[in-house]
Every structure is written in structure tokens, then in C-alpha cells.
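J.: Just coords-v4.tsv, nothing more (TSV, C-alpha atoms and all ligand atoms):
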```
chain	number	residue	atom	x	y	z
O	1	MET	CA	110.90	-9.09	98.31
O	2	ALA	CA	109.06	-6.73	100.65
O	3	SER	CA	107.81	-3.49	99.13
O	4	ALA	CA	109.42	-0.19	100.14
O	5	VAL	CA	106.28	0.70	102.14
O	6	GLU	CA	106.34	-2.64	103.96
O	7	THR	CA	110.04	-2.21	104.79
O	8	TYR	CA	109.42	1.31	106.05
O	9	ALA	CA	106.40	0.14	108.09
O	10	TYR	CA	108.54	-2.56	109.69
O	11	GLY	CA	110.90	0.14	111.00
O	12	VAL	CA	107.95	2.19	112.30
O	13	ALA	CA	106.53	-0.90	114.05
O	14	ARG	CA	109.89	-1.61	115.68
O	15	ASN	CA	110.20	2.00	116.92
O	16	LEU	CA	106.66	1.90	118.31
O	17	GLY	CA	107.21	-1.49	119.93
O	18	ILE	CA	104.47	-3.15	117.86
O	19	LYS	CA	104.69	-6.91	117.28
O	20	VAL	CA	104.59	-7.77	113.58
O	21	LEU	CA	103.24	-11.22	112.78
O	22	GLY	CA	102.18	-10.78	109.14
O	23	SER	CA	102.19	-7.48	107.28
O	24	ALA	CA	103.94	-4.58	109.02
O	25	VAL	CA	101.71	-2.10	107.15
O	26	GLU	CA	98.67	-3.88	108.59
O	27	ALA	CA	100.18	-3.97	112.08
O	28	VAL	CA	100.91	-0.23	112.08
O	29	ALA	CA	97.48	0.60	110.60
O	30	LEU	CA	95.80	-1.51	113.31
O	31	TYR	CA	97.84	0.20	116.01
O	32	CYS	CA	96.65	3.60	114.72
O	33	GLU	CA	93.04	2.38	114.46
O	34	GLU	CA	93.17	1.23	118.08
O	35	ARG	CA	94.45	4.59	119.27
O	36	VAL	CA	91.80	6.49	117.29
O	37	THR	CA	89.15	4.07	118.59
O	38	GLY	CA	90.24	5.18	122.06
O	39	PHE	CA	89.65	8.83	121.11
O	40	ALA	CA	86.25	7.90	119.62
O	41	GLU	CA	85.22	6.19	122.85
O	42	THR	CA	86.50	8.96	125.12
O	43	PHE	CA	84.51	11.60	123.23
O	44	ALA	CA	81.55	9.35	122.28
O	45	CYS	CA	81.98	10.26	118.59
O	46	ALA	CA	78.84	9.70	116.50
O	47	THR	CA	80.15	11.05	113.21
O	48	LEU	CA	83.49	11.14	111.41
O	49	GLU	CA	83.38	14.91	111.89
O	50	ASP	CA	83.29	14.35	115.68
O	51	LEU	CA	86.14	11.87	115.25
O	52	ARG	CA	88.22	14.42	113.34
O	53	LEU	CA	88.03	16.89	116.23
O	54	ALA	CA	88.63	14.18	118.85
O	55	THR	CA	91.69	12.93	116.97
O	56	ALA	CA	93.23	16.42	116.61
O	57	ASN	CA	92.83	16.69	120.38
O	58	GLY	CA	94.21	13.19	120.93
O	59	VAL	CA	97.38	13.74	118.88
O	60	LYS	CA	97.73	17.20	120.44
O	61	THR	CA	97.68	19.35	117.33
O	62	SER	CA	95.94	22.58	116.38
O	63	VAL	CA	94.63	22.51	112.83
O	64	VAL	CA	95.04	25.63	110.73
O	65	THR	CA	93.38	25.45	107.32
O	66	ILE	CA	94.75	27.80	104.67
O	67	VAL	CA	92.23	28.77	101.99
O	68	THR	CA	93.86	31.82	100.39
O	69	ASP	CA	97.36	33.20	99.87
O	70	GLU	CA	96.40	35.94	102.32
O	71	ASP	CA	95.60	33.29	104.99
O	72	LEU	CA	99.02	31.79	104.42
O	73	ALA	CA	100.85	35.13	104.70
O	74	ARG	CA	98.94	35.97	107.88
O	75	VAL	CA	99.62	32.60	109.57
O	76	GLU	CA	103.28	32.65	108.58
O	77	ALA	CA	103.72	36.20	109.90
O	78	ALA	CA	101.92	35.41	113.17
O	79	TYR	CA	104.18	32.45	114.03
O	80	ILE	CA	107.34	34.21	112.84
O	81	ALA	CA	106.41	37.08	115.17
O	82	ARG	CA	106.38	34.42	117.94
O	83	LYS	CA	109.89	33.41	116.81
O	84	GLU	CA	108.80	29.91	115.78
O	85	PRO	CA	111.47	28.74	113.31
O	86	GLY	CA	109.25	26.00	111.85
O	87	PHE	CA	107.21	28.60	110.00
O	88	VAL	CA	110.02	30.62	108.43
O	89	SER	CA	109.70	29.06	104.99
O	90	LEU	CA	106.03	28.05	105.19
O	91	THR	CA	105.01	29.75	101.94
O	92	SER	CA	107.74	28.08	99.90
O	93	ASP	CA	107.29	24.76	101.76
O	94	LEU	CA	103.66	24.59	100.62
O	95	GLY	CA	104.58	24.41	96.95
O	96	PRO	CA	102.90	22.30	94.26
O	97	GLY	CA	102.38	18.72	95.44
O	98	VAL	CA	102.70	19.62	99.13
O	99	PHE	CA	99.34	19.56	100.88
O	100	GLY	CA	100.16	20.03	104.52
O	101	GLN	CA	102.78	20.33	107.17
O	102	THR	CA	102.93	19.74	110.90
O	103	VAL	CA	105.26	21.78	113.07
O	104	ARG	CA	106.19	21.31	116.71
O	105	LEU	CA	106.08	24.61	118.58
O	106	LEU	CA	109.20	25.61	120.48
O	107	THR	CA	107.36	27.88	122.89
O	108	ARG	CA	103.76	27.28	123.89
O	109	ALA	CA	101.20	29.56	125.41
O	110	LYS	CA	99.41	28.15	128.46
O	111	GLY	CA	97.00	25.42	127.34
O	112	GLU	CA	98.21	25.53	123.73
O	113	ARG	CA	98.69	22.19	121.95
O	114	PRO	CA	102.32	21.32	121.15
O	115	PHE	CA	101.81	20.87	117.39
O	116	VAL	CA	100.32	22.95	114.61
O	117	SER	CA	99.08	21.17	111.45
O	118	ILE	CA	98.85	23.48	108.49
O	119	ILE	CA	96.33	22.17	105.93
O	120	ASP	CA	96.73	23.72	102.51
O	121	ALA	CA	93.24	24.04	100.97
O	122	ARG	CA	94.07	26.64	98.34
O	123	GLY	CA	92.76	26.13	94.81
O	124	ASP	CA	92.90	22.52	93.58
O	125	LYS	CA	94.25	21.36	96.94
O	126	ALA	CA	90.85	22.04	98.58
O	127	ALA	CA	89.41	18.73	97.34
O	128	ARG	CA	92.04	16.85	99.37
O	129	ALA	CA	92.03	19.03	102.47
O	130	GLY	CA	90.05	16.56	104.60
O	131	PHE	CA	92.38	13.71	103.67
O	132	THR	CA	95.45	15.90	104.29
O	133	GLU	CA	94.27	16.42	107.84
O	134	TRP	CA	94.08	12.66	108.50
O	135	HIS	CA	97.47	12.23	106.82
O	136	GLU	CA	99.00	14.70	109.29
O	137	TYR	CA	97.32	12.88	112.20
O	138	ALA	CA	98.85	9.65	110.91
O	139	HIS	CA	102.30	11.23	111.16
O	140	LEU	CA	101.62	12.22	114.76
O	141	LEU	CA	100.20	8.79	115.68
O	142	THR	CA	103.36	7.10	114.43
O	143	LEU	CA	105.81	9.62	115.81
O	144	THR	CA	108.47	8.21	118.09
O	145	ASP	CA	111.44	10.53	117.73
O	146	PRO	CA	110.76	14.13	118.84
O	147	ALA	CA	113.78	15.27	116.87
O	148	LEU	CA	112.01	14.21	113.67
O	149	ALA	CA	108.91	16.17	114.56
O	150	LYS	CA	109.87	19.50	113.17
O	151	PHE	CA	108.57	19.14	109.65
O	152	GLN	CA	106.23	16.77	107.92
O	153	ARG	CA	104.76	17.28	104.54
O	154	SER	CA	102.23	15.59	102.33
O	155	HIS	CA	103.64	15.00	98.92
O	156	ASP	CA	101.59	13.92	95.99
O	157	THR	CA	103.75	13.59	92.91
O	158	VAL	CA	106.81	12.21	94.69
O	159	LYS	CA	105.64	9.72	97.25
O	160	PRO	CA	108.35	8.28	99.49
O	161	PRO	CA	107.42	5.13	101.48
O	162	ALA	CA	106.70	7.21	104.61
O	163	GLU	CA	104.13	9.30	102.75
O	164	ALA	CA	102.53	6.25	101.14
O	165	LEU	CA	102.19	4.61	104.58
O	166	MET	CA	100.59	7.75	106.02
O	167	ASP	CA	98.07	7.76	103.16
O	168	ILE	CA	97.15	4.13	103.93
O	169	ILE	CA	96.71	4.93	107.64
O	170	ALA	CA	94.73	8.11	106.83
O	171	GLY	CA	92.31	6.10	104.68
O	172	ARG	CA	91.70	3.73	107.60
O	173	ILE	CA	91.46	6.09	110.60
O	174	GLY	CA	89.55	8.79	108.71
O	175	PHE	CA	86.78	6.24	108.09
O	176	LEU	CA	87.11	4.33	111.34
O	177	THR	CA	84.84	1.32	110.90
O	178	SER	CA	83.03	1.59	114.23
O	179	VAL	CA	82.02	5.21	113.55
O	180	PHE	CA	81.58	4.95	109.77
O	181	THR	CA	79.52	1.79	109.28
O	182	PRO	CA	76.42	2.90	111.27
O	183	HIS	CA	76.01	5.61	108.59
O	184	LEU	CA	76.08	3.23	105.61
O	185	PRO	CA	73.00	3.58	103.38
O	186	PRO	CA	70.92	0.47	102.53
O	187	THR	CA	72.01	0.64	98.87
O	188	LEU	CA	74.86	2.36	97.07
O	189	SER	CA	73.99	5.15	94.65
O	190	PHE	CA	75.51	8.55	94.12
O	191	SER	CA	72.66	10.25	95.97
O	192	SER	CA	72.90	7.86	98.94
O	193	ILE	CA	76.68	8.44	99.07
O	194	ALA	CA	76.18	12.21	98.90
O	195	ALA	CA	73.67	12.03	101.77
O	196	LEU	CA	76.11	9.92	103.79
O	197	ARG	CA	78.87	12.46	103.16
O	198	THR	CA	76.69	15.36	104.33
O	199	ALA	CA	75.63	13.50	107.47
O	200	ALA	CA	78.86	11.81	108.52
O	201	CYS	CA	81.90	13.36	106.89
O	202	PRO	CA	81.28	16.66	105.05
O	203	GLY	CA	84.99	17.39	104.68
O	204	ALA	CA	85.99	14.00	103.25
O	205	SER	CA	87.45	13.85	99.75
O	206	TRP	CA	85.23	11.95	97.33
O	207	THR	CA	88.09	9.69	96.27
O	208	SER	CA	88.82	8.64	99.85
O	209	LEU	CA	85.09	8.21	100.55
O	210	PHE	CA	84.66	5.93	97.52
O	211	ASN	CA	87.65	3.85	98.61
O	212	ALA	CA	86.38	3.62	102.18
O	213	LEU	CA	82.89	2.57	101.04
O	214	ALA	CA	84.33	-0.16	98.87
O	215	ARG	CA	86.41	-1.41	101.79
O	216	VAL	CA	83.59	-1.70	104.35
O	217	TRP	CA	80.64	-2.56	102.08
O	218	PRO	CA	79.29	-6.00	103.01
O	219	ASP	CA	78.53	-7.06	99.40
O	220	PRO	CA	81.02	-7.34	96.51
O	221	VAL	CA	82.34	-3.98	95.29
O	222	VAL	CA	85.37	-3.09	93.19
O	223	ALA	CA	86.77	0.45	93.50
O	224	VAL	CA	88.12	1.50	90.12
O	225	ARG	CA	90.34	4.37	89.13
O	226	ALA	CA	90.12	4.88	85.36
O	227	GLN	CA	92.47	6.99	83.27
O	228	VAL	CA	93.15	7.54	79.61
O	229	GLU	CA	96.41	5.82	78.83
O	230	VAL	CA	98.29	6.05	75.58
O	231	LYS	CA	99.76	2.71	74.57
O	232	ARG	CA	103.54	2.77	74.41
O	233	ALA	CA	103.58	1.68	70.77
O	234	GLN	CA	101.27	4.57	69.91
O	235	LYS	CA	103.31	7.24	71.65
O	236	VAL	CA	104.71	9.66	69.10
O	237	PRO	CA	108.52	9.62	69.12
O	238	ALA	CA	110.17	12.92	70.11
O	239	GLY	CA	110.39	15.33	67.22
O	240	GLN	CA	107.84	13.54	65.06
O	241	GLY	CA	104.69	14.91	66.63
O	242	SER	CA	103.91	17.77	64.30
O	243	PHE	CA	104.74	16.48	60.82
O	244	GLY	CA	101.65	14.42	60.22
O	245	PHE	CA	103.55	11.25	59.22
O	246	ALA	CA	101.86	9.12	61.84
O	247	PRO	CA	98.26	9.21	63.05
O	248	PRO	CA	97.93	10.97	66.41
O	249	PRO	CA	98.05	8.60	69.39
O	250	VAL	CA	94.62	7.50	70.57
O	251	GLY	CA	94.18	7.22	74.29
O	252	VAL	CA	92.46	4.18	75.74
O	253	LEU	CA	90.41	4.50	78.93
O	254	ARG	CA	91.59	1.81	81.31
O	255	ALA	CA	91.05	0.71	84.89
O	256	VAL	CA	94.52	1.65	86.12
O	257	GLN	CA	93.49	0.52	89.60
O	258	ALA	CA	90.80	-2.01	90.54
O	259	ILE	CA	90.61	-3.02	94.18
O	260	GLY	CA	87.95	-5.44	95.31
O	261	ASN	CA	86.66	-5.64	98.87
O	262	ALA	CA	86.64	-8.79	101.00
O	263	ALA	CA	83.23	-9.90	99.67
O	264	ALA	CA	84.43	-9.42	96.08
O	265	ARG	CA	87.52	-11.52	96.74
O	266	ASP	CA	85.44	-14.23	98.40
O	267	THR	CA	83.01	-14.49	95.49
O	268	GLY	CA	85.43	-14.06	92.58
O	269	PHE	CA	83.84	-10.76	91.58
O	270	ARG	CA	86.73	-8.91	89.99
O	271	ILE	CA	88.00	-6.60	87.30
O	272	HIS	CA	91.58	-7.01	86.23
O	273	PRO	CA	93.82	-3.93	86.44
O	274	ASN	CA	94.48	-2.34	83.05
O	275	MET	CA	91.29	-3.68	81.52
O	276	ARG	CA	89.74	-1.40	78.94
O	277	VAL	CA	86.64	0.46	80.14
O	278	PRO	CA	83.58	-0.48	78.00
O	279	LYS	CA	82.67	2.40	75.69
O	280	ASN	CA	79.05	2.58	76.89
O	281	SER	CA	79.89	2.38	80.59
O	282	ALA	CA	79.02	5.21	82.99
O	283	ILE	CA	82.78	5.44	83.58
O	284	ALA	CA	83.38	6.31	79.92
O	285	LEU	CA	80.59	8.91	80.04
O	286	ALA	CA	82.15	10.52	83.13
O	287	ALA	CA	85.56	10.50	81.44
O	288	SER	CA	84.31	12.22	78.30
O	289	GLY	CA	81.64	14.51	79.73
O	290	GLY	CA	82.73	15.07	83.34
O	291	GLY	CA	80.41	15.02	86.32
O	292	VAL	CA	78.66	12.02	87.83
O	293	HIS	CA	77.19	9.13	85.83
O	294	GLU	CA	75.46	5.98	87.00
O	295	GLY	CA	74.21	2.97	85.17
O	296	ALA	CA	72.89	-0.55	85.40
O	297	GLU	CA	75.41	-2.54	83.38
O	298	ASN	CA	76.87	-6.02	83.11
O	299	LEU	CA	80.35	-7.24	83.98
O	300	SER	CA	80.42	-9.19	80.71
O	301	GLN	CA	80.90	-5.87	78.85
O	302	TRP	CA	84.45	-5.77	80.23
O	303	GLU	CA	87.00	-7.33	77.88
O	304	SER	CA	90.66	-8.01	78.37
O	305	ALA	CA	93.31	-7.07	75.80
O	306	GLN	CA	93.31	-10.72	74.72
O	307	GLY	CA	89.62	-10.48	73.82
O	308	GLY	CA	88.17	-12.60	76.61
O	309	SER	CA	85.30	-11.06	78.53
O	310	LEU	CA	84.29	-11.40	82.16
O	311	GLU	CA	81.38	-13.59	83.17
O	312	SER	CA	77.85	-12.23	83.12
O	313	TRP	CA	77.05	-10.42	86.35
O	314	PRO	CA	74.59	-7.52	86.71
O	315	ILE	CA	76.34	-4.48	88.16
O	316	ARG	CA	75.59	-0.94	89.20
O	317	VAL	CA	78.30	1.53	88.19
O	318	ILE	CA	78.72	4.84	90.03
O	319	ALA	CA	81.30	7.03	88.31
O	320	ARG	CA	82.59	10.47	89.23
O	321	ALA	CA	85.04	12.50	87.12
O	322	THR	CA	88.03	13.88	89.02
O	323	ALA	CA	91.18	15.67	87.95
O	324	GLY	CA	92.83	13.47	85.36
O	325	GLY	CA	90.45	10.52	85.50
O	326	VAL	CA	87.38	8.89	86.98
O	327	ASP	CA	86.71	7.28	90.35
O	328	ALA	CA	84.09	4.55	90.20
O	329	LEU	CA	82.40	1.96	92.34
O	330	ILE	CA	81.31	-1.21	90.61
O	331	VAL	CA	78.72	-2.86	92.78
O	332	ALA	CA	77.55	-6.43	92.26
O	333	GLU	CA	73.76	-6.51	92.01
O	334	PRO	CA	72.08	-9.24	93.99
O	335	ALA	CA	70.84	-11.33	91.07
O	336	ASP	CA	71.49	-15.02	90.40
O	337	HIS	CA	74.75	-14.93	92.33
O	401	ZN	ZN	103.33	13.42	105.04
```
Would you put the structure from the file into C-alpha cells?
T.:
Amino acid sequence: MASAVETYAYGVARNLGIKVLGSAVEAVALYCEERVTGFAETFACATLEDLRLATANGVKTSVVTIVTDEDLARVEAAYIARKEPGFVSLTSDLGPGVFGQTVRLLTRAKGERPFVSIIDARGDKAARAGFTEWHEYAHLLTLTDPALAKFQRSHDTVKPPAEALMDIIAGRIGFLTSVFTPHLPPTLSFSSIAALRTAACPGASWTSLFNALARVWPDPVVAVRAQVEVKRAQKVPAGQGSFGFAPPPVGVLRAVQAIGNAAARDTGFRIHPNMRVPKNSAIALAASGGGVHEGAENLSQWESAQGGSLESWPIRVIARATAGGVDALIVAEPADH
């Protein structure tokens, strides 16, 4: 059965008149990449920062980034003074888990773009602000019904298929291959990634940058998201937590997501989702101590719940602690393989 995102993407493809031969998600993502490639060519974009500006222009939106509550109050008041109904509940719309919103203006000044994309970069939301912008562009690239254009939001906790599809598109267009790959460093390390970010995409979120690097890197890489998960059997039943009858549940650090790139798939370089993170891995150090950790390790340190370990393969691990977990790149070292 098709996933909810695939089903939703099929509807989007039909509305946009895109032919779907295989995956509808892929077809819609390609359509968006082609349009953004057009913007990149028109404006001769050399960096992803150039591309960001060219795309805002291409999808006809003005970006307004909100950093403080005062910014928000000022922006809301300014558009309400212009009698723009889309901004009436802006403050309450940008609640927890909502990162951005795009509004179509009813009345435009001469030369003003028809849309306004509000990017919420207050507090913890700042780390995602760059991605939120691309998410809003994805909405505008896939827009077919003007009546639906009044409100769009970026949800995090509750992710309907439409929002999940926009995130997929945002990850692709925000790191458009033709603009991104000329900036790739010769080897992957945290310092080379940081230099790349400064040069090509200073506003990008680290999580999206890690994912994009894994996707386009020519050699085998697995992008891992690791989180501490409490095993169901160890979860303390309601009401029994504070009496000391059972030992407290011990969390296990696991790779809750492990996505290999094309080269990894071709060579059989893989980590299975839900595998336990080795205790001495840079990922475990980042999880316990925060910050960035790197290490030369071996894939054979990874063991499945059944006790079997992966084959020996020298790897470089680049791990960065984020809210609630660790993002990591596991890069195959060019050794015997
Ligand atoms: Zn959205």
C-alpha cells in the first residue's frame, strides 16, 4: 500500500500536470528541482545563499524573519494596519511546533511580491529557520489552487502528509545538486563541513546539511539519527515509578534512523535502523557530553540485538549533539574495500 505521503504527492502531481511513472514523491521533487534550477540559471547562482534569494524571487514571496516577540508584534501590527486578514492571528498561529507561515496579500503596493513568508526564528526555532524558509518555498512551488494559498504552516510534532512532502522537497531544493556539489570538500570532517557551511549556506540547519551531504557524497555514507530509547519492557508502568520496586528504566542509545546514500547501497555499506550505538563511538560521546565528536572507528563495533555484528570496515564518524539526540555521518574509509 502506498504511504500517506506518496498518496498525497500523487494528488499534487495530478494538480500540477506532472506525469508519474514511478514514485509520485520523486516526480514532484524533480519538478521542484527543475523549477529551482531555472532560478539558479537565471540569476547565475554560485552559492546556496544566492539560490535562496533567487528562489524567494522566483516563487514571488517576501521573507520576513522573526527573531523576537517584539519583531512578531511589530510585523503583525504593520499588516493589520494594512487590513490584511491573513495576519490577524499571526502571534497565536506561530505557536509551539509551528515554524513558519506564508500569506497571500489581498492588496499589494506597486512592485510588492504577492506573498509574505513569515519565518519564526525565535528561541529554539532559530536552528531550523533556514530549513523553514525552503519549506515555505516548497509550498509555493507546488501551489495550484489560489484559494488554498491563504495559510500554510510548518508543523513539527504533528506532521500531516503535506508537511512531510514539503520537508522532502525542502531538503532537495535547499541543497540543489548543481549549486551544492561544487562546494564539496575533498574529505568529510566536522571542520570541512563547517567551512562548507560558512562558504555556501550559512543559514542552513546542521541536520539538513548532514542529510544533504550524505545524499550527494560520492563515496558510501550513512546518515544516522541516534536517540536514547527506553525499551518497552523496561518502561515503568503508570503509578509504579516512585516506589522503588523496580529498577529505573535504562535508556539505550540507538540509531533510530540510518539512511545510506547511493554509493552505500551499491556497496552493501549499511547500518540497520534501531541498532544499538557502540558505547565507545563518537556518537555515544556526543549523546552523553554534547557538542561535536569525531573518531576513526570500525563498523564491526556495531551489534544487532541478536548479537551479530557488522563486517569489519574502517569508518570515520562525525557526530553532533542536537536537541533530543545526535546527528551523525558514518563515512566509509577507503581501505581494503
Ligand atoms: Zn508547511
J.: Just give me the residues with any atom within 12 Å of (77.7, -1.6, 76.3), file coordinates, counting only C-alpha atoms, written as a list in words.
T.: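 Within 12 Å of (77.7, -1.6, 76.3), the protein and nucleic acid residues are Val277, Pro278, Lys279, Asn280, Ser281, Ala282, Ile283, Ala284, Leu285, Gly295, Ala296, Glu297, Asn298, Leu299, Ser300, Gln301, Trp302 and Glu303 of chain O.
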J.: My list of candidates is O:Ala263, O:Ala214, O:Ile118, O:Ile173. Which is closest to ligand ZN 401 (chain O) when distances are computed with only C-alpha atoms and all ligand atoms?
T.: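 The shortest atom-to-atom distance to ligand ZN 401 (chain O) comes from O:Ile118.
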J.: Between O:Val36, O:Ala162, O:Leu176, O:Ala286, which is the closest to ligand ZN 401 (chain O) once you count only C-alpha atoms and all ligand atoms?
T.: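 Checking each of O:Val36, O:Ala162, O:Leu176, O:Ala286 against ligand ZN 401 (chain O), counting only C-alpha atoms and all ligand atoms, the winner is O:Ala162.
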J.: Check the smallest atom-to-atom distance from each of O:Thr177, O:Thr102, O:Thr7, O:Thr47 to Ala199 in chain O using all atoms listed in the file, then report the winner.
T.: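 Closest residue, counting all atoms listed in the file: O:Thr47.
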J.: What do you get as a PyMOL selection string if you pick all residues at most 9 Å from ligand ZN 401 (chain O), counting all atoms listed in the file?
T.: chain O and resi 98-102+132+135-136+138-139+152-155+159+162-167
J.: Skip Gly58 in chain O itself and residues of its chain fewer than 3 positions away, then list as an NGL selection string all residues within 7 Å of it, counting all atoms listed in the file.
T.: :O and (39 or 54-55)
J.: Using only C-alpha atoms, which residues of range 157-208 of chain O come within 12 Å of range 216-227 of chain O, and what is the closest atom pair for each, with the distance in Å to one decimal? Give it as JSON lines, sorted by chain and residue number.
T.:
```
{"residue": "O:Gly171", "atom": "CA", "partner": "O:Val216", "partner_atom": "CA", "distance": 11.7}
{"residue": "O:Arg172", "atom": "CA", "partner": "O:Val216", "partner_atom": "CA", "distance": 10.3}
{"residue": "O:Phe175", "atom": "CA", "partner": "O:Val216", "partner_atom": "CA", "distance": 9.3}
{"residue": "O:Leu176", "atom": "CA", "partner": "O:Val216", "partner_atom": "CA", "distance": 9.9}
{"residue": "O:Thr177", "atom": "CA", "partner": "O:Val216", "partner_atom": "CA", "distance": 7.3}
{"residue": "O:Ser178", "atom": "CA", "partner": "O:Val216", "partner_atom": "CA", "distance": 10.4}
{"residue": "O:Val179", "atom": "CA", "partner": "O:Val216", "partner_atom": "CA", "distance": 11.6}
{"residue": "O:Phe180", "atom": "CA", "partner": "O:Val216", "partner_atom": "CA", "distance": 8.8}
{"residue": "O:Thr181", "atom": "CA", "partner": "O:Val216", "partner_atom": "CA", "distance": 7.3}
{"residue": "O:Pro182", "atom": "CA", "partner": "O:Val216", "partner_atom": "CA", "distance": 11.0}
{"residue": "O:His183", "atom": "CA", "partner": "O:Val216", "partner_atom": "CA", "distance": 11.4}
{"residue": "O:Leu184", "atom": "CA", "partner": "O:Trp217", "partner_atom": "CA", "distance": 8.2}
{"residue": "O:Pro185", "atom": "CA", "partner": "O:Trp217", "partner_atom": "CA", "distance": 9.9}
{"residue": "O:Pro186", "atom": "CA", "partner": "O:Trp217", "partner_atom": "CA", "distance": 10.2}
{"residue": "O:Thr187", "atom": "CA", "partner": "O:Trp217", "partner_atom": "CA", "distance": 9.7}
{"residue": "O:Leu188", "atom": "CA", "partner": "O:Trp217", "partner_atom": "CA", "distance": 9.1}
{"residue": "O:Thr207", "atom": "CA", "partner": "O:Arg225", "partner_atom": "CA", "distance": 9.2}
{"residue": "O:Ser208", "atom": "CA", "partner": "O:Ala223", "partner_atom": "CA", "distance": 10.6}
```
J.: Residues as selected, C-alpha atoms, written as a tab-separated table (two decimals), in the coordinates of the input, can you do that?
T.:
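Result saved to out39.tsv:
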```tsv
chain	number	residue	atom	x	y	z
O	171	GLY	CA	92.31	6.10	104.68
O	172	ARG	CA	91.70	3.73	107.60
O	175	PHE	CA	86.78	6.24	108.09
O	176	LEU	CA	87.11	4.33	111.34
O	177	THR	CA	84.84	1.32	110.90
O	178	SER	CA	83.03	1.59	114.23
O	179	VAL	CA	82.02	5.21	113.55
O	180	PHE	CA	81.58	4.95	109.77
O	181	THR	CA	79.52	1.79	109.28
O	182	PRO	CA	76.42	2.90	111.27
O	183	HIS	CA	76.01	5.61	108.59
O	184	LEU	CA	76.08	3.23	105.61
O	185	PRO	CA	73.00	3.58	103.38
O	186	PRO	CA	70.92	0.47	102.53
O	187	THR	CA	72.01	0.64	98.87
O	188	LEU	CA	74.86	2.36	97.07
O	207	THR	CA	88.09	9.69	96.27
O	208	SER	CA	88.82	8.64	99.85
```
J.: Hey, can you check how far CA of Arg265 in chain O sits from CA of Gln306 in chain O?
T.: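 Going from CA of Arg265 in chain O over to CA of Gln306 in chain O covers 22.8 Å.
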J.: How many Å separate CA of Ala13 in chain O from CA of Val28 in chain O?
T.: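 So the answer is 6.0 Å.
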J.: Can you work out the spacing between CA of Ala78 in chain O and CA of Ala56 in chain O in Å, to one decimal?
T.: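 Those two atoms sit 21.2 Å apart.
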